[in-house]
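A quick write-up on the structure given underneath.
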Amino acid sequence: MIVGQALRDPQRELTVFRNRLMVAGVAILAAFALLLARFVWLQVVQREYYHTLAEANRISVVPVVPNRGLILDRNGTVLAANYSAYTLEITPSRVQNVDRAIDELAKVIEVSARDRRRFRKLQEESKNFESLPIRTRLTEEEVARFAVNRFRFPGFEIKARLFRSYPQGEIASHAIGYIGRINDADLKRIDAEGLGTNYKGTDHIGKLGIEGAYENELHGVTGSEQVEIDAGGRAIRSLARTEPQSGNNLVVTLDLPLQKIAEEAFGDYNGALVAIDPHNGDVLALVSRPDFDPNLFVDGIDPQNWDALNNSPDKPLNDRALRGQYPPGSTIKPFMALAALELHKRSPQFTISDPGYFTLAGVQHRYRDWKKGGHGMVDMHRAIAVSCDTYFYGLANDLGIDAIHDFLGRFGFGSPTGIDIEGELPGLVPSPEWKVQRFRQKWYAGDTVSVGIGQGYLLTTPMQLAAAVATLANGGVPVRPHLLKAVQDAKTQELHPYVPAERTDTPIVKPGNLAIVLSAMVDVTRPGGTAAQLGAGAPYSIAAKTGTAQVVGMKQGERYDEKRMKREHWDHALLIAFAPADDPKLALAILVENGQHGGSTAGPIARAVFDYFLLGKKPAKPPAPAPEGTPDQEHD
Amino acid sequence: MISRIFDFLARRIDGPLMAALALTLALGLVVVYSASGGGSFERVGSQARNLALALCALWVFAQVHPQTLMRVALPAYLAGLALLVGVALFGDVRNGARRWLNLGFTTVQPSEIMKIAVPLAIAWYFHRHEEGPRLRDFALAGVMVAVPVALIARQPDLGTALLVFASGFYVIFLGGLSWKVLLSLAAAAGAAVPFVWPMLHDYQRQRILTLLDPMEDPLGSGYHIIQSTIAIGSGGILGKGWLNGTQAQLDFVPERSTDFILAVFGEEFGLVGIAVLCALYLLIIVRGLMIAANASTAFARLTAGAITLTFFTYAFVNMGMVSGILPVVGVPLPMVSYGGTALLSVLAGFGILMSIATHKQLVSS
């Protein structure tokens with residue numbers, strides 16, 4: 001029994017065991033069938049779907065930023081170029097403690113206080129996931145030193161980038177402008193113009209001057225590259241590439257040597273100068289003093305330099321040539337004279353006896369001439385040559401403000417000249433309607449009288465004066481100034497010359513009337529004229545007109561006395577001129593802030609520019625005009 | 001001479017099983033090479049060293065008589081249990097889990113020992129009752145499983161706990177626990193889910209939720225499953241070719257040389273490769289079940305059956321998890337994934353299997 005049971009039970013147990021094994025075997029087969037079904041589903045049925053996902057995972061399209069076009073002066077000298085340099089950039093969102101990481105970095109490569117300040121400013125202005133430069137222009141050694149320590153700095157990356165450089169530094173900075181990082185306003189504009197795709201990967205954009213105005217020419221067409229990336233987003237290899245198309249090179253009308261001479265001629269003075277070729281409107285020199293170094297802006301300006309530029313009382317960032325609105329003073333007189341001739345309000349022979357002041361009928365107020373006791377007998381020619389105020393008070397009164405407004409408008413006063421860079425201000429030619437709107441006051445006859453000598457409400461920019469005097473030099477045919485001379489196609493290297501938008505060959509004044517005024521302007525630079533110094537000893541003839549713009553108003557009976565006034569309250573000196581008078585090649589408008597007398601401070605600047613341009617003569621030394629302003633005959 | 005060395009090495013080695021194992025292991029090395037990026041033999045070399053050690057263990061266990069194993073079963077189990085308690089009290093914490101115990105001269109992961117010690121101990125216990133275990137014996141066996149499983153799950157190491165539980169459960173199942181009891185236990189386990197759910201760690205719950213909807217958190221917990229299914233799916237029928245899997249080689253597949261190595265394999269070798277691997281696994285399992293069915297003692301067949309079924313569980317859980325039909329638990333693909341510990345315990349198990357296969361004549365005689 002016992003043996004039997006002992007034998008039977010293991011037998012039963014074995015049967016149970018084998019049954020259970022069978023069950024397990026079936027379960028295992030079912031499990032593998034399930035797995036295989038799953039793999040068939042993934043790898044056969046859904047294969048296309050997952051294939052697409054895998055490709056999307058590994059392929060990334062990255063933009064390839066084009067080289068920005070160069071900016072050259074008319075002689076081919078480079079004004080704005082590119083250079084390639086290594087930058088070390090940080091993506092703040094990928095770094096836990098940016099400040100501490102930068103401290104660590106400073107142990108590996110040099111990080112100056114300026115770098116930190118600039119980085120902080122960039123960080124405030126941009127989004128967290130953008131890659132921002134902490135150091136630019138790394139040396140090969142610094143690159144190597146960082147590379148060794150790279151693992152310690154997640155979120156830091158060395159990039160080879162193209163940088164803009166302005167090899168001429170401060171020279172012509174207002175005309176060339178600069179590039180800076182794309183900000184929100186730029187982004188909106190780019191998107192509005194539908195250029196969003198083309199700016200992928202670009203982080204700088206032209207902000208001012210030529211760089212700003214011709215951004216679309218300079219930028220080029222962004223290429224793209226399909227790269228294989230790994231899960232960390234690092235590029236492994238290139239799969240396909242569409243080359244970018246470099247931006248076009250721009251040849252500008254500026255003549256760099258002339259520009260330099262003009263800038264140096266200002267010496268310590270602030271001011272502006274515009275030199276135009278009267279035949280075609282080429283701007284050969286465009287000066288606004290003081291200027292600034294555009295290189296400061298290229299890799300993000302640091303707050304210290306920015307404050308220095310922004311808060312300086314000299315306002316170096318303000319382009320005085322386009323945005324400075326000054327009373328033209330007596331430089332308006334040739335245009336007033338032309339208006340009177342054209343509208344038959346004066347004949348050349350009309351002569352007045354100048355007592356040294358002008359009064360309106362029935363009014364006590366005396367409008368004083370700059371010369372005490374007056375100029376005696378004055379006809380139009382002499383009125384321009386000696387800059388007689390009394391003559392023009394009466395002339396303006398006879399013209400009336402409406403006629404003046406219309407006529408000056410024909411010469412471009414009161415509206416932007418349309419020069420091909422941005423930021424130009426329109427100046428102001430007042431009208432009774434304007435005065436009502438602006439001051440809720442009616443127009444008085446006395447307002448017109450002041451306008452007659454370029455004071456009162458009248459405001460012009462140096463650019464407007466230059467365009468207007470170029471129009472005189474061009475036989476009365478309006479001149480539209482422009483800075484672009486030609487676009488050099490990046491692909492074909494062909495030069496496409498600048499084509500002015502609208503062009504007219506019709507003079508806006510009668511040649512006879514113009515000749516009368518021009519002969520008087522030539523006498524301005526001859527002995528007895530207000531700018532006799534300017535013409536003295538010149539082997540060519542110069543037509544010019546000086547002017548003075550008051551900085552502070554004078555009370556009735558008060559005399560202007562420079563010695564008792566602060567220098568920043570001294571009058572501004574103005575000068576318009578062209579030469580040679582009989583075959584004009586260059587027209588100028590010059591403003592010298594606090595220069596007091598057009599003849600003595602602006603005159604030498606004009607002479608230096610003419611001498612170089614017409615004779616190829618360089619000034620022996622910078623002709624820095626004495627800031628003290630020599631007292632002389634030619635007050636105005 | 002050479003034939004004598006071969007005879008010595010081939011002693012007590014089961015030919016068909018060894019052939020299937022060798023093929024799988026060779027395949028594993030090929031995949032590890034690719035999964036470590038290709039171009040470097042560093043990982044493959046280190047895996048080869050692991051393999052050499054594991055094969056030694058296999059050979060040694062194959063020489064040990066099942067009778068001897070049965071004698072050491074309980075001591076091994078108790079020692080393992082003691083070590084697990086030691087881990088719970090003094091263990092080293094790595095990656096947020098307390099799994100390692102520093103013994104002064106080496107660190108051990110006692111949960112790995114339990115993968116073999118638990119089935120051995122229960123098989124020994126059942127073997128002592130030649131007339132067959134009664135319900136009371138099954139209950140005690142349940143406790144013998146539950147205690148180490150609970151300790152391991154607490155570390156936490158859900159993958160190993162699952163495998164240890166499986167190894168013990170298989171002995172109980174093969175021992176003949178009645179279907180009635182099994183089904184009511186299963187029903188009770190199902191009913192317990194709402195109570196167990198709050199006791200799980202956040203990440204464990206997340207893994208289960210992720211399985212239900214991987215896209216819910218595509219860059220977080222769903223990332224593993226999404227990227228591995230993309231890898232497998234994009235491999236298609238024939239695969240992208242060895243070393244050519246973009247998902248694998250560009251690092252999109254996480255843990256590509258360890259737990260997710262099947263994604264690399266599936267991407268590069270396609271459905272055909274997977275079918276071959278499944279066939280090899282099935283061969284091994286079928287051979288293991290045959291050894292179990294023909295084993296001469298209750299201890300031997302219960303042990304052989306449990307080891308084979310545990311091996312199946314290994315493979316199934318890993319393949320299910322990588323293909324997205326099971327939650328992500330840390331279970332490697334047996335004999336393919338890079339790593340020494342799992343390889344050692346799996347091959348040691350097959351050593352025992354071979355010992356059982358080759359020692360039965362001696363017992364019956």
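Letters A, B, ... mark the chains of the structure tokens in the order given; residue numbers begin at 1 per chain; ligand numbers begin at 1, in order shown.
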
Would you pick out the contacts of region 244-247 of chain A at 6 Å or less, using only C-alpha atoms, so that residues sharing its chain but fewer than 6 positions from it are not included, and give the list as a short mmCIF file (atom, residue, chain, number, x, y, z; two decimals) with C-alpha atoms, in the first residue's frame?
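The result, written out as around_21.cif:
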data_model
loop_
_atom_site.label_atom_id
_atom_site.label_comp_id
_atom_site.auth_asym_id
_atom_site.auth_seq_id
_atom_site.Cartn_x
_atom_site.Cartn_y
_atom_site.Cartn_z
CA PRO A 66 24.56 84.97 -47.09
CA ASN A 67 27.52 87.32 -47.03
CA ARG A 68 26.38 90.87 -46.70
CA GLY A 69 27.27 93.10 -49.64
CA GLU A 217 20.26 94.94 -51.64
CA LEU A 218 22.94 94.22 -49.06
CA HIS A 219 21.38 91.24 -47.33
CA GLY A 220 21.36 88.68 -50.12
CA VAL A 221 19.35 85.49 -50.35
CA THR A 222 19.57 83.00 -47.52
CA GLY A 223 20.49 79.48 -48.54
#

Q. What are the DSSP strand (DSSP E or B) residues of region 374-580 of chain A, as a PyMOL selection string?
A. chain A and resi 376-378+428+459-460+482+484-488+495-497+543-549+572-579

Selection file, C-alpha atoms, as an mmCIF file, in the first residue's frame:
data_model
loop_
_atom_site.group_PDB
_atom_site.id
_atom_site.type_symbol
_atom_site.label_atom_id
_atom_site.label_comp_id
_atom_site.auth_asym_id
_atom_site.auth_seq_id
_atom_site.Cartn_x
_atom_site.Cartn_y
_atom_site.Cartn_z
ATOM 1 C CA GLY A 376 23.670 153.171 -48.041
ATOM 2 C CA MET A 377 22.373 152.774 -51.573
ATOM 3 C CA VAL A 378 21.627 149.081 -52.214
ATOM 4 C CA LEU A 428 9.646 124.319 -42.208
ATOM 5 C CA LEU A 459 13.774 126.185 -40.806
ATOM 6 C CA THR A 460 15.947 124.289 -43.242
ATOM 7 C CA HIS A 482 21.354 110.684 -53.588
ATOM 8 C CA LEU A 484 23.817 105.391 -54.153
ATOM 9 C CA LYS A 485 25.952 105.433 -57.249
ATOM 10 C CA ALA A 486 25.646 101.873 -58.467
ATOM 11 C CA VAL A 487 24.676 98.397 -57.378
ATOM 12 C CA GLN A 488 27.121 95.647 -58.197
ATOM 13 C CA LEU A 495 27.332 97.428 -62.196
ATOM 14 C CA HIS A 496 23.837 98.799 -62.389
ATOM 15 C CA PRO A 497 24.023 102.580 -62.075
ATOM 16 C CA ALA A 543 29.519 131.656 -55.944
ATOM 17 C CA ALA A 544 28.430 131.715 -52.325
ATOM 18 C CA LYS A 545 26.168 133.148 -49.703
ATOM 19 C CA THR A 546 26.854 133.348 -46.013
ATOM 20 C CA GLY A 547 24.322 133.198 -43.241
ATOM 21 C CA THR A 548 23.886 133.353 -39.507
ATOM 22 C CA ALA A 549 21.289 131.521 -37.482
ATOM 23 C CA HIS A 572 25.418 129.186 -35.955
ATOM 24 C CA ALA A 573 27.332 130.022 -39.110
ATOM 25 C CA LEU A 574 26.004 128.945 -42.502
ATOM 26 C CA LEU A 575 27.390 128.975 -45.987
ATOM 27 C CA ILE A 576 26.114 127.840 -49.353
ATOM 28 C CA ALA A 577 28.501 127.840 -52.275
ATOM 29 C CA PHE A 578 29.428 126.270 -55.567
ATOM 30 C CA ALA A 579 32.507 126.398 -57.743
#

(Q) Counting only C-alpha atoms, a student should be able to say which residues of chain A come within 6 Å of chain B; what is the right answer, written as a PyMOL selection string? (A) chain A and resi 9+17+20+42-44+47+50-51+230-231

Q: Just give me the gap between CA of Ser165 (chain A) and CA of Arg114 (chain A) in Å, one decimal is fine.
A: 19.0 Å

Q.
Could you tell me how far CA of Phe439 (chain A) sits from CA of Thr417 (chain A), in Å to one decimal place?
A.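 Value for the CA of Thr417 (chain A)-CA of Phe439 (chain A) distance: 26.3 Å.
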
Q. Can you list, as a PyMOL selection string, every protein, DNA or RNA residue that comes within 10 Å of Leu341 (chain A) when you count only C-alpha atoms, leaving out same-chain residues fewer than 2 positions away?
A. chain A and resi 335-339+343-348+380+509-510+512-514+516-517

Q | Ser93 (chain A) environment, 12 Å, only C-alpha atoms, sequence neighbours closer than 2 positions dropped, as a list in words | A |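 Selected residues are Ile90, Thr91, Val95, Gln96, Asn97, Val98, Gln123, Ser126, Lys127, Asn128, Phe129, Glu130, Ser131, Leu132, Pro154, Gly155 and Phe156 of chain A.
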
Q.
If I take CA of Gly281 (chain A) and CA of Thr471 (chain A), how far is one from the other in Å, to one decimal?
A.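 Computed distance, CA of Gly281 (chain A) to CA of Thr471 (chain A), equals 9.2 Å.
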
Q | Of the listed residues A:Ile71, A:Glu228, A:Ala54, A:Gln304, that which approaches Arg117 (chain A) most closely, counting only C-alpha atoms | A |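 With only C-alpha atoms as the atom set, the closest residue is A:Gln304.
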
Could you please write out, as a PDB file with N, CA and C atoms, in the first residue's frame, every residue of region 139-266 of chain A that DSSP assigns to alpha helix (DSSP H)?
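Below you can see states-v9.pdb, which holds the result:
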ATOM      1  N   GLU A 140      42.699  82.121 -32.066  1.00  0.00           N
ATOM      2  CA  GLU A 140      42.792  80.671 -32.240  1.00  0.00           C
ATOM      3  C   GLU A 140      43.111  79.991 -30.921  1.00  0.00           C
ATOM      4  N   GLU A 141      43.968  80.630 -30.154  1.00  0.00           N
ATOM      5  CA  GLU A 141      44.372  80.038 -28.885  1.00  0.00           C
ATOM      6  C   GLU A 141      43.187  79.964 -27.924  1.00  0.00           C
ATOM      7  N   GLU A 142      42.398  81.032 -27.900  1.00  0.00           N
ATOM      8  CA  GLU A 142      41.234  81.032 -27.014  1.00  0.00           C
ATOM      9  C   GLU A 142      40.227  79.964 -27.434  1.00  0.00           C
ATOM     10  N   VAL A 143      40.059  79.826 -28.750  1.00  0.00           N
ATOM     11  CA  VAL A 143      39.156  78.796 -29.251  1.00  0.00           C
ATOM     12  C   VAL A 143      39.623  77.421 -28.779  1.00  0.00           C
ATOM     13  N   ALA A 144      40.919  77.194 -28.884  1.00  0.00           N
ATOM     14  CA  ALA A 144      41.467  75.898 -28.471  1.00  0.00           C
ATOM     15  C   ALA A 144      41.287  75.685 -26.977  1.00  0.00           C
ATOM     16  N   ARG A 145      41.548  76.752 -26.213  1.00  0.00           N
ATOM     17  CA  ARG A 145      41.437  76.604 -24.767  1.00  0.00           C
ATOM     18  C   ARG A 145      40.000  76.315 -24.350  1.00  0.00           C
ATOM     19  N   PHE A 146      39.059  76.968 -25.023  1.00  0.00           N
ATOM     20  CA  PHE A 146      37.662  76.692 -24.691  1.00  0.00           C
ATOM     21  C   PHE A 146      37.287  75.265 -25.093  1.00  0.00           C
ATOM     22  N   ALA A 147      37.743  74.865 -26.272  1.00  0.00           N
ATOM     23  CA  ALA A 147      37.366  73.544 -26.791  1.00  0.00           C
ATOM     24  C   ALA A 147      37.729  72.444 -25.803  1.00  0.00           C
ATOM     25  N   VAL A 148      38.890  72.588 -25.153  1.00  0.00           N
ATOM     26  CA  VAL A 148      39.324  71.581 -24.190  1.00  0.00           C
ATOM     27  C   VAL A 148      38.354  71.507 -23.008  1.00  0.00           C
ATOM     28  N   ASN A 149      37.826  72.667 -22.613  1.00  0.00           N
ATOM     29  CA  ASN A 149      36.964  72.726 -21.436  1.00  0.00           C
ATOM     30  C   ASN A 149      35.484  72.688 -21.777  1.00  0.00           C
ATOM     31  N   SER A 173      30.259 108.229 -40.861  1.00  0.00           N
ATOM     32  CA  SER A 173      29.445 107.239 -40.158  1.00  0.00           C
ATOM     33  C   SER A 173      27.948 107.497 -40.321  1.00  0.00           C
ATOM     34  N   HIS A 174      27.549 108.746 -40.376  1.00  0.00           N
ATOM     35  CA  HIS A 174      26.114 109.004 -40.519  1.00  0.00           C
ATOM     36  C   HIS A 174      25.598 108.569 -41.878  1.00  0.00           C
ATOM     37  N   ALA A 175      26.424 108.704 -42.902  1.00  0.00           N
ATOM     38  CA  ALA A 175      25.978 108.305 -44.240  1.00  0.00           C
ATOM     39  C   ALA A 175      25.973 106.791 -44.374  1.00  0.00           C
ATOM     40  N   ILE A 176      27.018 106.132 -43.880  1.00  0.00           N
ATOM     41  CA  ILE A 176      27.109 104.673 -44.015  1.00  0.00           C
ATOM     42  C   ILE A 176      26.121 103.992 -43.088  1.00  0.00           C
ATOM     43  N   ASP A 184      12.584  93.753 -32.024  1.00  0.00           N
ATOM     44  CA  ASP A 184      11.178  93.434 -32.281  1.00  0.00           C
ATOM     45  C   ASP A 184      10.589  94.266 -33.410  1.00  0.00           C
ATOM     46  N   ALA A 185      10.951  95.553 -33.432  1.00  0.00           N
ATOM     47  CA  ALA A 185      10.420  96.425 -34.486  1.00  0.00           C
ATOM     48  C   ALA A 185      10.915  95.951 -35.855  1.00  0.00           C
ATOM     49  N   ASP A 186      12.200  95.609 -35.930  1.00  0.00           N
ATOM     50  CA  ASP A 186      12.750  95.095 -37.194  1.00  0.00           C
ATOM     51  C   ASP A 186      12.003  93.829 -37.610  1.00  0.00           C
ATOM     52  N   LEU A 187      11.769  92.950 -36.633  1.00  0.00           N
ATOM     53  CA  LEU A 187      11.113  91.679 -36.923  1.00  0.00           C
ATOM     54  C   LEU A 187       9.736  91.901 -37.517  1.00  0.00           C
ATOM     55  N   LYS A 188       9.010  92.841 -36.923  1.00  0.00           N
ATOM     56  CA  LYS A 188       7.660  93.125 -37.421  1.00  0.00           C
ATOM     57  C   LYS A 188       7.734  93.595 -38.857  1.00  0.00           C
ATOM     58  N   ARG A 189       8.712  94.478 -39.131  1.00  0.00           N
ATOM     59  CA  ARG A 189       8.826  95.023 -40.481  1.00  0.00           C
ATOM     60  C   ARG A 189       9.187  93.901 -41.470  1.00  0.00           C
ATOM     61  N   ILE A 190      10.139  93.068 -41.049  1.00  0.00           N
ATOM     62  CA  ILE A 190      10.556  91.951 -41.907  1.00  0.00           C
ATOM     63  C   ILE A 190       9.367  91.059 -42.237  1.00  0.00           C
ATOM     64  N   ASP A 191       8.571  90.759 -41.212  1.00  0.00           N
ATOM     65  CA  ASP A 191       7.410  89.895 -41.439  1.00  0.00           C
ATOM     66  C   ASP A 191       6.387  90.590 -42.321  1.00  0.00           C
ATOM     67  N   ALA A 192       6.208  91.895 -42.087  1.00  0.00           N
ATOM     68  CA  ALA A 192       5.233  92.633 -42.889  1.00  0.00           C
ATOM     69  C   ALA A 192       5.648  92.630 -44.357  1.00  0.00           C
ATOM     70  N   GLY A 209      21.426 104.951 -42.210  1.00  0.00           N
ATOM     71  CA  GLY A 209      22.257 105.294 -43.350  1.00  0.00           C
ATOM     72  C   GLY A 209      22.070 104.321 -44.506  1.00  0.00           C
ATOM     73  N   ILE A 210      23.159 104.149 -45.272  1.00  0.00           N
ATOM     74  CA  ILE A 210      23.125 103.218 -46.399  1.00  0.00           C
ATOM     75  C   ILE A 210      22.795 101.811 -45.931  1.00  0.00           C
ATOM     76  N   GLU A 211      23.380 101.404 -44.814  1.00  0.00           N
ATOM     77  CA  GLU A 211      23.136 100.056 -44.285  1.00  0.00           C
ATOM     78  C   GLU A 211      21.652  99.825 -44.072  1.00  0.00           C
ATOM     79  N   GLY A 212      20.956 100.843 -43.588  1.00  0.00           N
ATOM     80  CA  GLY A 212      19.532 100.687 -43.332  1.00  0.00           C
ATOM     81  C   GLY A 212      18.714 100.792 -44.610  1.00  0.00           C
ATOM     82  N   ALA A 213      19.012 101.823 -45.415  1.00  0.00           N
ATOM     83  CA  ALA A 213      18.171 102.115 -46.573  1.00  0.00           C
ATOM     84  C   ALA A 213      18.283 101.029 -47.637  1.00  0.00           C
ATOM     85  N   GLU A 215      19.161  97.853 -47.134  1.00  0.00           N
ATOM     86  CA  GLU A 215      19.187  96.542 -46.487  1.00  0.00           C
ATOM     87  C   GLU A 215      18.845  95.419 -47.473  1.00  0.00           C
ATOM     88  N   ASN A 216      17.815  95.630 -48.283  1.00  0.00           N
ATOM     89  CA  ASN A 216      17.372  94.557 -49.177  1.00  0.00           C
ATOM     90  C   ASN A 216      18.422  94.214 -50.237  1.00  0.00           C
ATOM     91  N   GLU A 217      19.187  95.219 -50.682  1.00  0.00           N
ATOM     92  CA  GLU A 217      20.261  94.943 -51.638  1.00  0.00           C
ATOM     93  C   GLU A 217      21.420  94.227 -50.948  1.00  0.00           C
ATOM     94  N   LEU A 218      21.731  94.691 -49.736  1.00  0.00           N
ATOM     95  CA  LEU A 218      22.935  94.215 -49.058  1.00  0.00           C
ATOM     96  C   LEU A 218      22.777  92.812 -48.487  1.00  0.00           C
ATOM     97  N   HIS A 219      21.549  92.473 -48.098  1.00  0.00           N
ATOM     98  CA  HIS A 219      21.384  91.243 -47.326  1.00  0.00           C
ATOM     99  C   HIS A 219      21.676  89.973 -48.129  1.00  0.00           C
ATOM    100  N   LEU A 256      35.735 109.399 -50.640  1.00  0.00           N
ATOM    101  CA  LEU A 256      36.313 109.280 -49.297  1.00  0.00           C
ATOM    102  C   LEU A 256      37.365 110.343 -48.983  1.00  0.00           C
ATOM    103  N   PRO A 257      38.327 110.607 -49.883  1.00  0.00           N
ATOM    104  CA  PRO A 257      39.314 111.647 -49.553  1.00  0.00           C
ATOM    105  C   PRO A 257      38.659 113.009 -49.330  1.00  0.00           C
ATOM    106  N   LEU A 258      37.678 113.313 -50.154  1.00  0.00           N
ATOM    107  CA  LEU A 258      36.976 114.583 -49.988  1.00  0.00           C
ATOM    108  C   LEU A 258      36.247 114.608 -48.645  1.00  0.00           C
ATOM    109  N   GLN A 259      35.616 113.499 -48.330  1.00  0.00           N
ATOM    110  CA  GLN A 259      34.897 113.389 -47.065  1.00  0.00           C
ATOM    111  C   GLN A 259      35.848 113.625 -45.888  1.00  0.00           C
ATOM    112  N   LYS A 260      37.028 113.006 -45.979  1.00  0.00           N
ATOM    113  CA  LYS A 260      37.996 113.152 -44.885  1.00  0.00           C
ATOM    114  C   LYS A 260      38.407 114.605 -44.725  1.00  0.00           C
ATOM    115  N   ILE A 261      38.722 115.233 -45.876  1.00  0.00           N
ATOM    116  CA  ILE A 261      39.165 116.625 -45.807  1.00  0.00           C
ATOM    117  C   ILE A 261      38.061 117.503 -45.224  1.00  0.00           C
ATOM    118  N   ALA A 262      36.824 117.239 -45.629  1.00  0.00           N
ATOM    119  CA  ALA A 262      35.710 118.030 -45.115  1.00  0.00           C
ATOM    120  C   ALA A 262      35.570 117.844 -43.612  1.00  0.00           C
ATOM    121  N   GLU A 263      35.684 116.583 -43.161  1.00  0.00           N
ATOM    122  CA  GLU A 263      35.517 116.339 -41.722  1.00  0.00           C
ATOM    123  C   GLU A 263      36.625 116.998 -40.919  1.00  0.00           C
ATOM    124  N   GLU A 264      37.858 116.853 -41.436  1.00  0.00           N
ATOM    125  CA  GLU A 264      38.974 117.446 -40.700  1.00  0.00           C
ATOM    126  C   GLU A 264      38.868 118.953 -40.667  1.00  0.00           C
ATOM    127  N   ALA A 265      38.297 119.516 -41.732  1.00  0.00           N
ATOM    128  CA  ALA A 265      38.219 120.971 -41.822  1.00  0.00           C
ATOM    129  C   ALA A 265      37.368 121.562 -40.706  1.00  0.00           C
TER     130      ALA A 265
END

Q) In terms of the shortest atom-to-atom distance over only C-alpha atoms, which of A:Pro167, A:Pro63, A:Pro133, A:Gly599 is closest to Asn82 (chain A)? A)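 Closest candidate: A:Pro167.
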
Need the shell around Ser450 (chain A): protein/DNA/RNA residues with any atom at most 10 Å away, counting only C-alpha atoms. Skip same-chain ones fewer than 3 positions apart. Format as an mmCIF file with C-alpha atoms, in the first residue's frame?
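The file below, around-v5.cif, is the result:
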data_model
loop_
_atom_site.group_PDB
_atom_site.id
_atom_site.type_symbol
_atom_site.label_atom_id
_atom_site.label_comp_id
_atom_site.auth_asym_id
_atom_site.auth_seq_id
_atom_site.Cartn_x
_atom_site.Cartn_y
_atom_site.Cartn_z
ATOM 1 C CA GLY A 329 19.669 133.022 -42.084
ATOM 2 C CA TYR A 367 13.720 145.551 -38.049
ATOM 3 C CA ASP A 389 18.936 142.872 -44.343
ATOM 4 C CA PHE A 392 15.226 141.836 -47.987
ATOM 5 C CA TYR A 393 12.864 142.953 -45.211
ATOM 6 C CA ALA A 396 9.766 139.856 -48.357
ATOM 7 C CA ASN A 397 7.030 142.241 -47.279
ATOM 8 C CA ALA A 445 3.171 141.101 -41.546
ATOM 9 C CA GLY A 446 6.181 141.175 -39.248
ATOM 10 C CA ASP A 447 6.405 137.383 -39.462
ATOM 11 C CA ILE A 453 16.254 137.204 -43.948
ATOM 12 C CA GLY A 454 15.906 133.532 -43.117
ATOM 13 C CA GLN A 455 14.831 133.959 -39.537
ATOM 14 C CA GLY A 456 11.462 133.725 -37.847
ATOM 15 C CA TYR A 457 9.701 130.434 -38.329
ATOM 16 C CA LEU A 458 11.740 129.365 -41.360
#

Q: Write out as a ChimeraX atom specification the residues lying within 10 Å of Pro507 (chain A), counting only C-alpha atoms and excluding same-chain residues fewer than 5 positions away.
A: /A:471-472,474-478,514

Save out the residues we just selected, N, CA and C atoms, as a PDB file, in the first residue's frame.
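This went into out.pdb:
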ATOM      1  N   THR A 471      20.784 123.241 -57.160  1.00  0.00           N
ATOM      2  CA  THR A 471      19.800 123.610 -58.187  1.00  0.00           C
ATOM      3  C   THR A 471      20.196 124.930 -58.852  1.00  0.00           C
ATOM      4  N   LEU A 472      20.658 125.902 -58.031  1.00  0.00           N
ATOM      5  CA  LEU A 472      21.158 127.156 -58.606  1.00  0.00           C
ATOM      6  C   LEU A 472      22.328 126.867 -59.543  1.00  0.00           C
ATOM      7  N   ASN A 474      22.971 124.216 -61.103  1.00  0.00           N
ATOM      8  CA  ASN A 474      22.559 123.369 -62.224  1.00  0.00           C
ATOM      9  C   ASN A 474      21.659 124.134 -63.192  1.00  0.00           C
ATOM     10  N   GLY A 475      21.764 125.446 -63.203  1.00  0.00           N
ATOM     11  CA  GLY A 475      20.972 126.236 -64.142  1.00  0.00           C
ATOM     12  C   GLY A 475      19.497 126.256 -63.784  1.00  0.00           C
ATOM     13  N   GLY A 476      19.196 126.040 -62.521  1.00  0.00           N
ATOM     14  CA  GLY A 476      17.807 126.113 -62.095  1.00  0.00           C
ATOM     15  C   GLY A 476      17.042 124.819 -62.270  1.00  0.00           C
ATOM     16  N   VAL A 477      17.728 123.790 -62.751  1.00  0.00           N
ATOM     17  CA  VAL A 477      17.082 122.478 -62.862  1.00  0.00           C
ATOM     18  C   VAL A 477      17.209 121.779 -61.507  1.00  0.00           C
ATOM     19  N   PRO A 478      16.083 121.363 -60.934  1.00  0.00           N
ATOM     20  CA  PRO A 478      16.134 120.797 -59.583  1.00  0.00           C
ATOM     21  C   PRO A 478      17.075 119.590 -59.488  1.00  0.00           C
ATOM     22  N   LEU A 514      18.250 133.915 -62.980  1.00  0.00           N
ATOM     23  CA  LEU A 514      19.256 133.138 -62.258  1.00  0.00           C
ATOM     24  C   LEU A 514      20.629 133.797 -62.404  1.00  0.00           C
TER      25      LEU A 514
END

Q: Name the residues in contact with Arg43 (chain B) at a cut-off of 10 Å, using only C-alpha atoms, excluding same-chain residues fewer than 6 positions from it; report them as number ranges by chain.
A: B: 29, 32-37, 49, 257, 338-339
